[in-house]
$ cat query27.cif   # mmCIF, C-alpha atoms
data_my_file
#
loop_
_atom_site.label_atom_id
_atom_site.label_comp_id
_atom_site.auth_asym_id
_atom_site.auth_seq_id
_atom_site.Cartn_x
_atom_site.Cartn_y
_atom_site.Cartn_z
CA MET T 12 218.13 150.98 79.17
CA PHE T 13 219.23 151.99 82.66
CA LYS T 14 220.51 148.50 83.42
CA ARG T 15 222.84 148.73 80.45
CA PHE T 16 224.01 152.16 81.58
CA LYS T 17 224.78 150.79 85.05
CA GLU T 18 226.74 147.90 83.52
CA VAL T 19 228.80 150.25 81.38
CA MET T 20 229.50 152.52 84.36
CA LYS T 21 230.62 149.54 86.46
CA LYS T 22 233.09 148.51 83.77
CA LYS T 23 234.78 151.89 83.75
CA GLU T 24 237.58 151.85 86.24
CA ILE T 25 239.61 154.73 87.53
CA ASP T 26 243.19 154.81 86.36
CA PRO T 27 245.26 153.34 89.22
CA ASP T 28 247.68 156.26 89.03
CA LYS T 29 244.87 158.76 89.67
CA ARG T 30 243.08 157.03 92.54
CA ASP T 31 245.02 158.68 95.34
CA VAL T 32 245.10 162.22 93.93
CA GLU T 33 244.51 164.78 96.64
CA PHE T 34 243.34 168.30 95.91
CA GLU T 35 245.32 171.31 96.96
CA LYS T 36 243.93 174.11 99.10
CA GLY T 37 242.46 176.28 96.30
CA ASP T 38 241.39 173.53 93.91
CA PHE T 39 237.73 173.50 94.95
CA LEU T 40 237.41 177.24 94.37
CA ALA T 41 239.17 176.94 91.01
CA LEU T 42 236.88 174.11 89.91
CA THR T 43 233.81 176.06 91.05
CA ILE T 44 234.89 179.16 89.13
CA ALA T 45 235.64 177.08 86.02
CA ALA T 46 232.23 175.42 86.21
CA ALA T 47 230.51 178.79 86.63
CA ILE T 48 232.36 180.30 83.68
CA THR T 49 231.33 177.31 81.58
CA MET T 50 227.70 176.95 82.65
CA PHE T 51 226.46 180.52 83.19
CA PRO T 52 226.72 181.68 79.56
CA VAL T 53 224.84 178.58 78.44
CA LEU T 54 222.11 179.14 81.05
CA ILE T 55 221.84 182.81 80.11
CA GLY T 56 221.47 181.79 76.46
CA ILE T 57 218.72 179.30 77.30
CA PHE T 58 216.83 181.87 79.38
CA ALA T 59 217.25 184.44 76.61
CA LEU T 60 215.83 181.97 74.09
CA PHE T 61 212.81 181.31 76.32
CA GLY T 62 212.37 185.04 76.80
CA LEU T 63 212.54 185.64 73.05
CA ILE T 64 209.97 182.93 72.39
CA ALA T 65 207.64 184.32 75.06
CA TRP T 66 208.09 187.85 73.72
CA LEU T 67 207.28 186.70 70.17
CA MET T 68 204.23 184.74 71.33
CA PHE T 69 202.68 187.52 73.43
CA LYS T 70 203.76 190.51 71.39
#
$ encode --input "query27.cif" --output "structure tokens"
Amino acid sequence: MFKRFKEVMKKKEIDPDKRDVEFEKGDFLALTIAAAITMFPVLIGIFALFGLIAWLMFK
């Protein structure tokens, strides 16, 4: 299974036009904030679900 995954990943090539893209000064911060805005609500939801299940089990 993993061998096939590695083969597929090797076949994917980066678009030649996008190989030499350089980030600007604030891009890393912007990407970090975007990732946080995307991931934190999902993580909070998962923890809330676990908390709800634990609360229902030990109520």
$ atom_distance --input "query27.cif" --atom1 "CA of Asp31 (chain T)" --atom2 "CA of Thr43 (chain T)"
21.1 Å
$ atom_distance --input "query27.cif" --atom1 "CA of Glu18 (chain T)" --atom2 "CA of Phe34 (chain T)"
29.1 Å
$ atom_distance --input "query27.cif" --atom1 "CA of Ile64 (chain T)" --atom2 "CA of Pro52 (chain T)"
18.3 Å
$ decode --input "query27.cif" --residues "region 30-58 of chain T" --atoms "N, CA and C atoms" --output "JSON list (two decimals), in the first residue's frame"
[["chain", "number", "residue", "atom", "x", "y", "z"],
["T", 30, "ARG", "N", 7.87, 26.56, -9.61],
["T", 30, "ARG", "CA", 9.04, 26.02, -8.91],
["T", 30, "ARG", "C", 9.85, 27.09, -8.21],
["T", 31, "ASP", "N", 9.98, 28.23, -8.82],
["T", 31, "ASP", "CA", 10.86, 29.28, -8.29],
["T", 31, "ASP", "C", 10.09, 30.38, -7.58],
["T", 32, "VAL", "N", 8.93, 30.06, -7.03],
["T", 32, "VAL", "CA", 8.14, 31.06, -6.32],
["T", 32, "VAL", "C", 8.79, 31.34, -4.98],
["T", 33, "GLU", "N", 9.01, 32.60, -4.70],
["T", 33, "GLU", "CA", 9.58, 32.98, -3.41],
["T", 33, "GLU", "C", 8.52, 33.71, -2.60],
["T", 34, "PHE", "N", 8.49, 33.43, -1.31],
["T", 34, "PHE", "CA", 7.52, 34.04, -0.43],
["T", 34, "PHE", "C", 7.93, 35.46, -0.10],
["T", 35, "GLU", "N", 6.93, 36.29, 0.15],
["T", 35, "GLU", "CA", 7.20, 37.64, 0.59],
["T", 35, "GLU", "C", 7.42, 37.65, 2.09],
["T", 36, "LYS", "N", 7.67, 38.82, 2.64],
["T", 36, "LYS", "CA", 8.06, 38.94, 4.05],
["T", 36, "LYS", "C", 6.98, 38.42, 5.00],
["T", 37, "GLY", "N", 5.70, 38.73, 4.78],
["T", 37, "GLY", "CA", 4.65, 38.35, 5.72],
["T", 37, "GLY", "C", 3.90, 37.10, 5.35],
["T", 38, "ASP", "N", 4.36, 36.36, 4.35],
["T", 38, "ASP", "CA", 3.62, 35.19, 3.90],
["T", 38, "ASP", "C", 3.57, 34.07, 4.93],
["T", 39, "PHE", "N", 4.67, 33.85, 5.64],
["T", 39, "PHE", "CA", 4.69, 32.78, 6.63],
["T", 39, "PHE", "C", 3.68, 33.04, 7.73],
["T", 40, "LEU", "N", 3.62, 34.27, 8.20],
["T", 40, "LEU", "CA", 2.65, 34.64, 9.23],
["T", 40, "LEU", "C", 1.24, 34.48, 8.71],
["T", 41, "ALA", "N", 0.98, 34.90, 7.48],
["T", 41, "ALA", "CA", -0.35, 34.77, 6.89],
["T", 41, "ALA", "C", -0.75, 33.31, 6.75],
["T", 42, "LEU", "N", 0.17, 32.46, 6.33],
["T", 42, "LEU", "CA", -0.13, 31.04, 6.19],
["T", 42, "LEU", "C", -0.38, 30.40, 7.56],
["T", 43, "THR", "N", 0.38, 30.82, 8.56],
["T", 43, "THR", "CA", 0.20, 30.30, 9.91],
["T", 43, "THR", "C", -1.16, 30.69, 10.48],
["T", 44, "ILE", "N", -1.54, 31.94, 10.28],
["T", 44, "ILE", "CA", -2.85, 32.40, 10.76],
["T", 44, "ILE", "C", -3.97, 31.67, 10.03],
["T", 45, "ALA", "N", -3.83, 31.50, 8.73],
["T", 45, "ALA", "CA", -4.86, 30.79, 7.95],
["T", 45, "ALA", "C", -4.99, 29.34, 8.41],
["T", 46, "ALA", "N", -3.87, 28.69, 8.70],
["T", 46, "ALA", "CA", -3.92, 27.31, 9.17],
["T", 46, "ALA", "C", -4.57, 27.24, 10.55],
["T", 47, "ALA", "N", -4.27, 28.19, 11.41],
["T", 47, "ALA", "CA", -4.85, 28.21, 12.75],
["T", 47, "ALA", "C", -6.36, 28.43, 12.68],
["T", 48, "ILE", "N", -6.78, 29.36, 11.84],
["T", 48, "ILE", "CA", -8.21, 29.64, 11.70],
["T", 48, "ILE", "C", -8.94, 28.41, 11.16],
["T", 49, "THR", "N", -8.27, 27.63, 10.33],
["T", 49, "THR", "CA", -8.88, 26.44, 9.75],
["T", 49, "THR", "C", -8.89, 25.27, 10.73],
["T", 50, "MET", "N", -7.79, 25.06, 11.44],
["T", 50, "MET", "CA", -7.66, 23.86, 12.26],
["T", 50, "MET", "C", -8.24, 23.99, 13.66],
["T", 51, "PHE", "N", -8.15, 25.14, 14.30],
["T", 51, "PHE", "CA", -8.58, 25.26, 15.69],
["T", 51, "PHE", "C", -10.06, 24.97, 15.90],
["T", 52, "PRO", "N", -10.97, 25.46, 15.06],
["T", 52, "PRO", "CA", -12.38, 25.10, 15.28],
["T", 52, "PRO", "C", -12.63, 23.59, 15.16],
["T", 53, "VAL", "N", -11.93, 22.95, 14.26],
["T", 53, "VAL", "CA", -12.08, 21.50, 14.11],
["T", 53, "VAL", "C", -11.57, 20.79, 15.36],
["T", 54, "LEU", "N", -10.41, 21.20, 15.86],
["T", 54, "LEU", "CA", -9.85, 20.59, 17.07],
["T", 54, "LEU", "C", -10.75, 20.84, 18.28],
["T", 55, "ILE", "N", -11.28, 22.04, 18.39],
["T", 55, "ILE", "CA", -12.20, 22.34, 19.49],
["T", 55, "ILE", "C", -13.44, 21.45, 19.40],
["T", 56, "GLY", "N", -13.94, 21.25, 18.20],
["T", 56, "GLY", "CA", -15.10, 20.37, 18.01],
["T", 56, "GLY", "C", -14.80, 18.93, 18.40],
["T", 57, "ILE", "N", -13.62, 18.45, 18.05],
["T", 57, "ILE", "CA", -13.24, 17.08, 18.40],
["T", 57, "ILE", "C", -13.12, 16.94, 19.91],
["T", 58, "PHE", "N", -12.46, 17.90, 20.56],
["T", 58, "PHE", "CA", -12.34, 17.85, 22.02],
["T", 58, "PHE", "C", -13.69, 17.97, 22.70]]
